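> What follows is target_12.cif, made up of mmCIF, C-alpha atoms:
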data_work
loop_
_atom_site.group_PDB
_atom_site.id
_atom_site.type_symbol
_atom_site.label_atom_id
_atom_site.label_comp_id
_atom_site.auth_asym_id
_atom_site.auth_seq_id
_atom_site.Cartn_x
_atom_site.Cartn_y
_atom_site.Cartn_z
ATOM 1 C CA THR J 24 133.043 144.526 73.070
ATOM 2 C CA GLY J 25 131.310 146.769 75.569
ATOM 3 C CA VAL J 26 133.016 150.054 76.320
ATOM 4 C CA PHE J 27 132.211 149.732 80.035
ATOM 5 C CA THR J 28 131.739 145.998 80.697
ATOM 6 C CA HIS J 29 134.193 144.686 78.086
ATOM 7 C CA ILE J 30 131.734 141.834 77.439
ATOM 8 C CA PRO J 31 131.799 140.659 73.809
ATOM 9 C CA GLU J 32 128.675 141.239 71.717
ATOM 10 C CA PHE J 33 128.261 137.537 70.943
ATOM 11 C CA LYS J 34 127.904 136.773 74.660
ATOM 12 C CA GLN J 35 125.309 139.518 75.200
ATOM 13 C CA ALA J 36 123.323 138.438 72.134
ATOM 14 C CA LEU J 37 123.302 134.789 73.166
ATOM 15 C CA ALA J 38 122.122 135.533 76.712
ATOM 16 C CA ILE J 39 119.211 137.597 75.370
ATOM 17 C CA SER J 40 118.448 135.010 72.665
ATOM 18 C CA LEU J 41 118.207 132.187 75.182
ATOM 19 C CA LYS J 42 115.710 134.203 77.223
ATOM 20 C CA LEU J 43 113.729 134.928 74.051
ATOM 21 C CA ARG J 44 113.761 131.227 73.157
ATOM 22 C CA ASP J 45 112.446 130.279 76.581
ATOM 23 C CA ARG J 46 109.594 132.809 76.382
ATOM 24 C CA LEU J 47 108.573 131.720 72.893
ATOM 25 C CA GLN J 48 108.702 128.032 73.771
ATOM 26 C CA ALA J 49 106.602 128.693 76.871
ATOM 27 C CA ALA J 50 104.023 130.259 74.529
ATOM 28 C CA GLY J 51 104.016 127.108 72.394
ATOM 29 C CA VAL J 52 106.219 128.365 69.555
ATOM 30 C CA LYS J 53 108.634 125.907 67.956
ATOM 31 C CA VAL J 54 112.058 127.555 68.098
ATOM 32 C CA VAL J 55 115.115 126.536 66.077
ATOM 33 C CA MET J 56 118.284 128.079 67.476
ATOM 34 C CA ILE J 57 121.305 128.716 65.263
ATOM 35 C CA ARG J 58 123.509 128.456 68.333
ATOM 36 C CA THR J 59 123.160 127.786 72.047
ATOM 37 C CA THR J 60 126.848 128.129 72.966
ATOM 38 C CA ASP J 61 129.578 130.680 72.352
ATOM 39 C CA ASP J 62 131.842 128.383 70.343
ATOM 40 C CA VAL J 63 129.958 128.499 67.032
ATOM 41 C CA ASN J 64 131.200 130.025 63.801
ATOM 42 C CA ILE J 65 128.540 129.899 61.086
ATOM 43 C CA ALA J 66 128.421 132.056 57.963
ATOM 44 C CA ASN J 67 125.436 134.393 57.654
ATOM 45 C CA SER J 68 124.384 132.633 54.444
ATOM 46 C CA ARG J 69 124.241 129.323 56.356
ATOM 47 C CA ARG J 70 122.237 130.967 59.146
ATOM 48 C CA ALA J 71 119.697 132.063 56.539
ATOM 49 C CA THR J 72 119.640 128.582 55.026
ATOM 50 C CA ILE J 73 118.869 127.059 58.437
ATOM 51 C CA GLY J 74 115.815 129.316 58.717
ATOM 52 C CA ASN J 75 114.777 128.430 55.178
ATOM 53 C CA GLU J 76 115.142 124.690 55.785
ATOM 54 C CA ALA J 77 113.080 124.986 58.984
ATOM 55 C CA HIS J 78 110.338 126.787 57.004
ATOM 56 C CA ALA J 79 110.442 129.373 59.763
ATOM 57 C CA ALA J 80 107.526 131.761 60.069
ATOM 58 C CA LEU J 81 110.162 134.317 61.128
ATOM 59 C CA THR J 82 113.914 134.344 61.576
ATOM 60 C CA ILE J 83 115.025 136.786 64.252
ATOM 61 C CA ARG J 84 118.654 137.625 64.838
ATOM 62 C CA VAL J 85 119.583 139.305 68.108
ATOM 63 C CA HIS J 86 122.497 141.731 68.198
ATOM 64 C CA CYS J 87 123.921 144.700 70.075
ATOM 65 C CA ASP J 88 125.023 147.811 68.203
ATOM 66 C CA SER J 89 128.005 150.157 68.365
ATOM 67 C CA SER J 90 128.821 153.695 67.244
ATOM 68 C CA ALA J 91 131.822 155.996 67.274
ATOM 69 C CA ASP J 92 129.531 158.431 69.133
ATOM 70 C CA GLN J 93 129.182 157.141 72.706
ATOM 71 C CA GLY J 94 126.004 159.205 73.122
ATOM 72 C CA VAL J 95 124.037 157.135 70.596
ATOM 73 C CA LYS J 96 121.566 154.801 72.293
ATOM 74 C CA GLY J 97 118.432 152.799 71.706
ATOM 75 C CA THR J 98 116.917 149.847 69.916
ATOM 76 C CA SER J 99 116.509 149.465 66.158
ATOM 77 C CA THR J 100 115.273 146.743 63.861
ATOM 78 C CA PRO J 101 116.780 146.236 60.402
ATOM 79 C CA TYR J 102 114.763 144.255 57.869
ATOM 80 C CA PRO J 103 115.413 143.147 54.262
ATOM 81 C CA SER J 104 114.485 145.654 51.571
ATOM 82 C CA GLY J 105 115.658 147.179 48.346
ATOM 83 C CA ASN J 106 116.751 144.409 46.025
ATOM 84 C CA ALA J 107 115.291 141.525 44.020
ATOM 85 C CA TRP J 108 116.403 138.900 46.552
ATOM 86 C CA CYS J 109 114.494 140.638 49.352
ATOM 87 C CA THR J 110 111.321 141.513 47.425
ATOM 88 C CA PRO J 111 109.406 138.286 48.219
ATOM 89 C CA ILE J 112 109.971 138.567 51.988
ATOM 90 C CA GLU J 113 110.056 142.343 52.391
ATOM 91 C CA PRO J 114 106.385 143.006 53.306
ATOM 92 C CA ALA J 115 106.221 140.283 55.982
ATOM 93 C CA SER J 116 109.692 141.170 57.291
ATOM 94 C CA LYS J 117 108.760 144.850 57.578
ATOM 95 C CA ARG J 118 105.533 143.957 59.412
ATOM 96 C CA ALA J 119 107.474 141.726 61.823
ATOM 97 C CA ALA J 120 110.097 144.442 62.303
ATOM 98 C CA GLN J 121 107.442 147.017 63.205
ATOM 99 C CA LEU J 122 105.665 144.731 65.664
ATOM 100 C CA VAL J 123 108.884 143.595 67.355
ATOM 101 C CA GLN J 124 110.411 147.095 67.431
ATOM 102 C CA THR J 125 107.293 148.641 68.959
ATOM 103 C CA ALA J 126 106.882 145.943 71.601
ATOM 104 C CA THR J 127 110.572 145.805 72.493
ATOM 105 C CA THR J 128 111.022 149.541 72.988
ATOM 106 C CA LYS J 129 107.779 149.742 74.977
ATOM 107 C CA VAL J 130 108.585 146.855 77.341
ATOM 108 C CA ALA J 131 112.313 147.604 77.701
ATOM 109 C CA GLY J 132 111.832 151.362 77.873
ATOM 110 C CA SER J 133 114.627 151.850 75.352
ATOM 111 C CA ALA J 134 114.909 154.731 72.905
ATOM 112 C CA ASP J 135 113.175 153.872 69.625
ATOM 113 C CA ARG J 136 115.664 154.207 66.779
ATOM 114 C CA GLY J 137 113.120 152.809 64.340
ATOM 115 C CA LEU J 138 113.227 150.404 61.442
ATOM 116 C CA HIS J 139 116.130 150.219 59.020
ATOM 117 C CA PRO J 140 115.593 148.754 55.539
ATOM 118 C CA ARG J 141 118.761 147.007 54.346
ATOM 119 C CA SER J 142 119.713 145.503 50.998
ATOM 120 C CA ASP J 143 123.353 144.722 51.769
ATOM 121 C CA MET J 144 123.196 141.931 54.339
ATOM 122 C CA THR J 145 123.990 138.332 53.383
ATOM 123 C CA GLY J 146 121.665 136.919 56.044
ATOM 124 C CA PHE J 147 118.797 138.892 54.537
ATOM 125 C CA ASN J 148 119.658 138.305 50.889
ATOM 126 C CA TRP J 149 119.881 134.520 51.318
ATOM 127 C CA SER J 150 116.672 134.268 53.318
ATOM 128 C CA LYS J 151 113.482 132.910 51.782
ATOM 129 C CA VAL J 152 111.470 133.424 54.989
ATOM 130 C CA PRO J 153 110.661 136.693 56.778
ATOM 131 C CA THR J 154 113.663 137.842 58.777
ATOM 132 C CA ILE J 155 114.705 140.708 61.032
ATOM 133 C CA ILE J 156 117.571 141.762 63.261
ATOM 134 C CA VAL J 157 116.956 143.376 66.631
ATOM 135 C CA GLU J 158 119.782 145.676 67.692
ATOM 136 C CA CYS J 159 119.100 145.662 71.440
ATOM 137 C CA GLY J 160 121.235 148.633 72.407
ATOM 138 C CA PHE J 161 124.626 150.256 71.995
ATOM 139 C CA MET J 162 127.599 148.623 73.645
ATOM 140 C CA SER J 163 129.502 151.817 72.830
ATOM 141 C CA ASN J 164 127.172 153.802 75.117
ATOM 142 C CA PRO J 165 128.385 153.414 78.728
ATOM 143 C CA ALA J 166 124.873 153.492 80.234
ATOM 144 C CA GLU J 167 123.466 150.921 77.799
ATOM 145 C CA ASP J 168 126.560 148.756 77.997
ATOM 146 C CA ASN J 169 126.158 148.747 81.771
ATOM 147 C CA ILE J 170 122.504 147.625 81.627
ATOM 148 C CA LEU J 171 122.633 145.161 78.689
ATOM 149 C CA PRO J 172 124.216 142.290 80.678
ATOM 150 C CA THR J 173 121.781 142.538 83.589
ATOM 151 C CA PRO J 174 119.244 139.698 83.812
ATOM 152 C CA ALA J 175 116.400 142.147 84.534
ATOM 153 C CA TYR J 176 117.050 144.180 81.373
ATOM 154 C CA GLN J 177 117.639 141.077 79.259
ATOM 155 C CA ASP J 178 114.253 139.796 80.502
ATOM 156 C CA LYS J 179 112.617 143.052 79.390
ATOM 157 C CA LEU J 180 114.210 142.812 75.947
ATOM 158 C CA ALA J 181 113.164 139.164 75.600
ATOM 159 C CA ALA J 182 109.631 139.944 76.804
ATOM 160 C CA GLY J 183 109.281 142.760 74.278
ATOM 161 C CA MET J 184 110.664 140.725 71.393
ATOM 162 C CA SER J 185 108.473 137.782 72.353
ATOM 163 C CA ALA J 186 105.355 139.972 72.421
ATOM 164 C CA GLY J 187 106.191 141.306 68.967
ATOM 165 C CA VAL J 188 106.879 137.841 67.544
ATOM 166 C CA LEU J 189 103.641 136.489 69.009
ATOM 167 C CA ALA J 190 101.707 139.395 67.502
ATOM 168 C CA PHE J 191 103.339 138.677 64.144
ATOM 169 C CA LEU J 192 102.321 135.013 64.454
ATOM 170 C CA GLY J 193 98.745 136.049 65.322
ATOM 171 C CA ARG J 194 98.874 134.612 68.850
#
Once more with this new file: its structure as structure tokens, please.


Amino acid sequence: TGVFTHIPEFKQALAISLKLRDRLQAAGVKVVMIRTTDDVNIANSRRATIGNEAHAALTIRVHCDSSADQGVKGTSTPYPSGNAWCTPIEPASKRAAQLVQTATTKVAGSADRGLHPRSDMTGFNWSKVPTIIVECGFMSNPAEDNILPTPAYQDKLAAGMSAGVLAFLGR
């Protein structure tokens, strides 16, 4: 929950995700959403399976971050790396992470916290298709928490992510 707005992370992530979906669909990309409402409770392993069953070119999960240090800010992109389950999708996931991270921070003007290889996430370890998470900003940072729910900033985040996804897809 945001330190300033008190808006739950799942609401922020969904609002941004819906804007991302709309941009990608407008560009002709087939999008499969895990959820389109707030009342969904799906295990991360099932989320990965949905991407696998859709034969997704890329699964992108949208989140907001938090830290005990309220001064921490910026956007980061974790991707699967570091274990046998991730090995087959690691190169494509890392490429997608770099393209999406670069485009998102450029368009949104957010601090670039870089890529984060992860081997400990169920959603990554169950995935058979390239997958990334975009951490859009820190809800624990008052300034970022204040801007994350604004339509203008959400549009910038969605535009950046969309540009990165389209580059990854070669469009």

> Mind checking which residues fall within 10 Å of Met144 (chain J), counting all atoms listed in the file, ignoring those fewer than 2 positions away in the same chain, and posting them as JSON, numbers by chain?

{"J": [67, 68, 101, 102, 103, 104, 141, 142, 146, 147, 148, 149]}

> Hey, which of J:Ala115, J:Val152, J:Ala186, J:Cys87 ends up closest to Ile39 (chain J)? Count only C-alpha atoms.

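Distance minimum relative to Ile39 (chain J) lands on J:Cys87.
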
> To one decimal place in Å, what is the distance between CA of Thr154 (chain J) and CA of Ile83 (chain J)?

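It comes out at 5.7 Å.
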
> Work out how far apart CA of Phe161 (chain J) and CA of Lys117 (chain J) are and give it in Å to one decimal.

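Computed distance, CA of Phe161 (chain J) to CA of Lys117 (chain J), equals 22.1 Å.
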
> For this file, the PyMOL selection byres ((chain J and resi 27) around 7) selects which residues, as a PDB file with C-alpha atoms, in the coordinates of the input?


ATOM      1  CA  GLY J  25     131.310 146.769  75.569  1.00  0.00           C
ATOM      2  CA  VAL J  26     133.016 150.054  76.320  1.00  0.00           C
ATOM      3  CA  THR J  28     131.739 145.998  80.697  1.00  0.00           C
ATOM      4  CA  HIS J  29     134.193 144.686  78.086  1.00  0.00           C
ATOM      5  CA  PRO J 165     128.385 153.414  78.728  1.00  0.00           C
ATOM      6  CA  ASP J 168     126.560 148.756  77.997  1.00  0.00           C
ATOM      7  CA  ASN J 169     126.158 148.747  81.771  1.00  0.00           C
TER       8      ASN J 169
END

> Rank J:Thr145, J:Glu158, J:Lys42, J:Ala77 by their smallest atom-to-atom distance to Asn106 (chain J), using only C-alpha atoms, and report the top residue only.

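Closest to Asn106 (chain J), using only C-alpha atoms: J:Thr145.
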
> What is the distance between CA of Ser40 (chain J) and CA of Lys151 (chain J), in Å to one decimal?

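Between CA of Ser40 (chain J) and CA of Lys151 (chain J) the gap works out to 21.6 Å.
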
> Apply the PyMOL selection byres ((chain J and resi 51-61) around 10) to the structure shown and report the selected residues as an MDAnalysis selection string.

chainID J and resid 33:34 36:38 40:41 43:50 62:65 69:71 73:74 77 79:84 188:189 192 194

> Run the PyMOL selection byres ((chain J and resi 88) around 10) mentally over the shown coordinates, then write out the matched residues as a list in words, using the chain letters and numbers from the document.

Thr24, Gly25, Glu32, His86, Cys87, Ser89, Ser90, Val95, Lys96, Gly97, Thr98, Ser99, Val157, Glu158, Cys159, Gly160, Phe161, Met162, Ser163, Asn164 and Asp168 of chain J

> Provide an axis-aligned box for all listed atoms of region 94-105 of chain J, padding each side by 8 Å; report its centre and its edge lengths in Å to one decimal, as AutoDock Vina command-line options.


--center_x 120.2 --center_y 151.2 --center_z 60.7 --size_x 27.5 --size_y 32.1 --size_z 40.8

> Would you please work out which residue, of J:Ala126, J:Ile30, J:Ala66, J:Ala131, is nearest to Gln177 (chain J) when using all atoms listed in the file?

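Of the candidates, the smallest distance to Gln177 (chain J) is held by J:Ala131.
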
> Calculated over only C-alpha atoms, which of the candidates J:Ala119, J:Thr100, J:Pro111, J:Gly105 has the smallest distance to Gly137 (chain J)?

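When distances to Gly137 (chain J) are compared using only C-alpha atoms, the smallest one comes from J:Thr100.
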
> Could all heavy atoms be built for region 81-92 of chain J and written out as an mmCIF file, in the frame of the given file?


data_model
loop_
_atom_site.group_PDB
_atom_site.id
_atom_site.type_symbol
_atom_site.label_atom_id
_atom_site.label_comp_id
_atom_site.auth_asym_id
_atom_site.auth_seq_id
_atom_site.Cartn_x
_atom_site.Cartn_y
_atom_site.Cartn_z
ATOM 1 N N LEU J 81 109.353 133.119 60.956
ATOM 2 C CA LEU J 81 110.162 134.317 61.128
ATOM 3 C C LEU J 81 111.535 133.908 61.644
ATOM 4 O O LEU J 81 111.642 133.091 62.554
ATOM 5 C CB LEU J 81 109.512 135.270 62.142
ATOM 6 C CG LEU J 81 110.290 136.536 62.493
ATOM 7 C CD1 LEU J 81 110.430 137.446 61.275
ATOM 8 C CD2 LEU J 81 109.605 137.281 63.640
ATOM 9 N N THR J 82 112.561 134.474 61.046
ATOM 10 C CA THR J 82 113.914 134.344 61.576
ATOM 11 C C THR J 82 114.241 135.659 62.258
ATOM 12 O O THR J 82 114.094 136.727 61.656
ATOM 13 C CB THR J 82 114.938 134.060 60.451
ATOM 14 O OG1 THR J 82 114.611 132.816 59.836
ATOM 15 C CG2 THR J 82 116.346 134.004 60.990
ATOM 16 N N ILE J 83 114.667 135.581 63.503
ATOM 17 C CA ILE J 83 115.025 136.786 64.252
ATOM 18 C C ILE J 83 116.455 136.638 64.744
ATOM 19 O O ILE J 83 116.806 135.643 65.371
ATOM 20 C CB ILE J 83 114.031 137.041 65.402
ATOM 21 C CG1 ILE J 83 114.367 138.319 66.157
ATOM 22 C CG2 ILE J 83 113.932 135.860 66.329
ATOM 23 C CD1 ILE J 83 113.259 138.774 67.099
ATOM 24 N N ARG J 84 117.262 137.605 64.383
ATOM 25 C CA ARG J 84 118.654 137.625 64.838
ATOM 26 C C ARG J 84 118.778 138.706 65.902
ATOM 27 O O ARG J 84 118.285 139.821 65.729
ATOM 28 C CB ARG J 84 119.585 137.909 63.659
ATOM 29 C CG ARG J 84 119.593 136.735 62.679
ATOM 30 C CD ARG J 84 120.292 137.017 61.380
ATOM 31 N NE ARG J 84 121.595 137.638 61.547
ATOM 32 C CZ ARG J 84 122.233 138.258 60.548
ATOM 33 N NH1 ARG J 84 121.708 138.322 59.344
ATOM 34 N NH2 ARG J 84 123.404 138.790 60.759
ATOM 35 N N VAL J 85 119.433 138.389 66.983
ATOM 36 C CA VAL J 85 119.583 139.305 68.108
ATOM 37 C C VAL J 85 121.022 139.800 68.147
ATOM 38 O O VAL J 85 121.955 139.002 68.123
ATOM 39 C CB VAL J 85 119.204 138.596 69.433
ATOM 40 C CG1 VAL J 85 119.437 139.513 70.623
ATOM 41 C CG2 VAL J 85 117.757 138.113 69.384
ATOM 42 N N HIS J 86 121.171 141.117 68.183
ATOM 43 C CA HIS J 86 122.497 141.731 68.198
ATOM 44 C C HIS J 86 122.525 142.918 69.144
ATOM 45 O O HIS J 86 121.491 143.373 69.612
ATOM 46 C CB HIS J 86 122.890 142.220 66.794
ATOM 47 C CG HIS J 86 123.228 141.125 65.847
ATOM 48 N ND1 HIS J 86 124.481 140.585 65.762
ATOM 49 C CD2 HIS J 86 122.466 140.466 64.948
ATOM 50 C CE1 HIS J 86 124.489 139.630 64.841
ATOM 51 N NE2 HIS J 86 123.269 139.534 64.341
ATOM 52 N N CYS J 87 123.710 143.433 69.385
ATOM 53 C CA CYS J 87 123.921 144.700 70.075
ATOM 54 C C CYS J 87 124.716 145.585 69.123
ATOM 55 O O CYS J 87 125.537 145.088 68.363
ATOM 56 C CB CYS J 87 124.669 144.501 71.384
ATOM 57 S SG CYS J 87 123.776 143.476 72.567
ATOM 58 N N ASP J 88 124.462 146.868 69.169
ATOM 59 C CA ASP J 88 125.023 147.811 68.203
ATOM 60 C C ASP J 88 126.229 148.545 68.783
ATOM 61 O O ASP J 88 126.566 148.389 69.960
ATOM 62 C CB ASP J 88 123.936 148.818 67.809
ATOM 63 C CG ASP J 88 123.969 149.188 66.347
ATOM 64 O OD1 ASP J 88 125.046 149.099 65.731
ATOM 65 O OD2 ASP J 88 122.916 149.579 65.817
ATOM 66 N N SER J 89 126.865 149.349 67.955
ATOM 67 C CA SER J 89 128.005 150.157 68.365
ATOM 68 C C SER J 89 128.083 151.394 67.473
ATOM 69 O O SER J 89 127.591 151.382 66.347
ATOM 70 C CB SER J 89 129.301 149.355 68.242
ATOM 71 O OG SER J 89 130.381 150.097 68.740
ATOM 72 N N SER J 90 128.655 152.449 67.995
ATOM 73 C CA SER J 90 128.821 153.695 67.244
ATOM 74 C C SER J 90 130.080 154.399 67.740
ATOM 75 O O SER J 90 130.471 154.243 68.903
ATOM 76 C CB SER J 90 127.599 154.598 67.465
ATOM 77 O OG SER J 90 127.807 155.875 66.902
ATOM 78 N N ALA J 91 130.673 155.181 66.865
ATOM 79 C CA ALA J 91 131.822 155.996 67.274
ATOM 80 C C ALA J 91 131.382 157.079 68.260
ATOM 81 O O ALA J 91 132.182 157.556 69.062
ATOM 82 C CB ALA J 91 132.478 156.629 66.054
ATOM 83 N N ASP J 92 130.109 157.435 68.231
ATOM 84 C CA ASP J 92 129.531 158.431 69.133
ATOM 85 C C ASP J 92 128.968 157.709 70.359
ATOM 86 O O ASP J 92 127.950 157.023 70.258
ATOM 87 C CB ASP J 92 128.427 159.193 68.405
ATOM 88 C CG ASP J 92 127.743 160.242 69.266
ATOM 89 O OD1 ASP J 92 127.995 160.305 70.494
ATOM 90 O OD2 ASP J 92 126.929 161.003 68.707
#
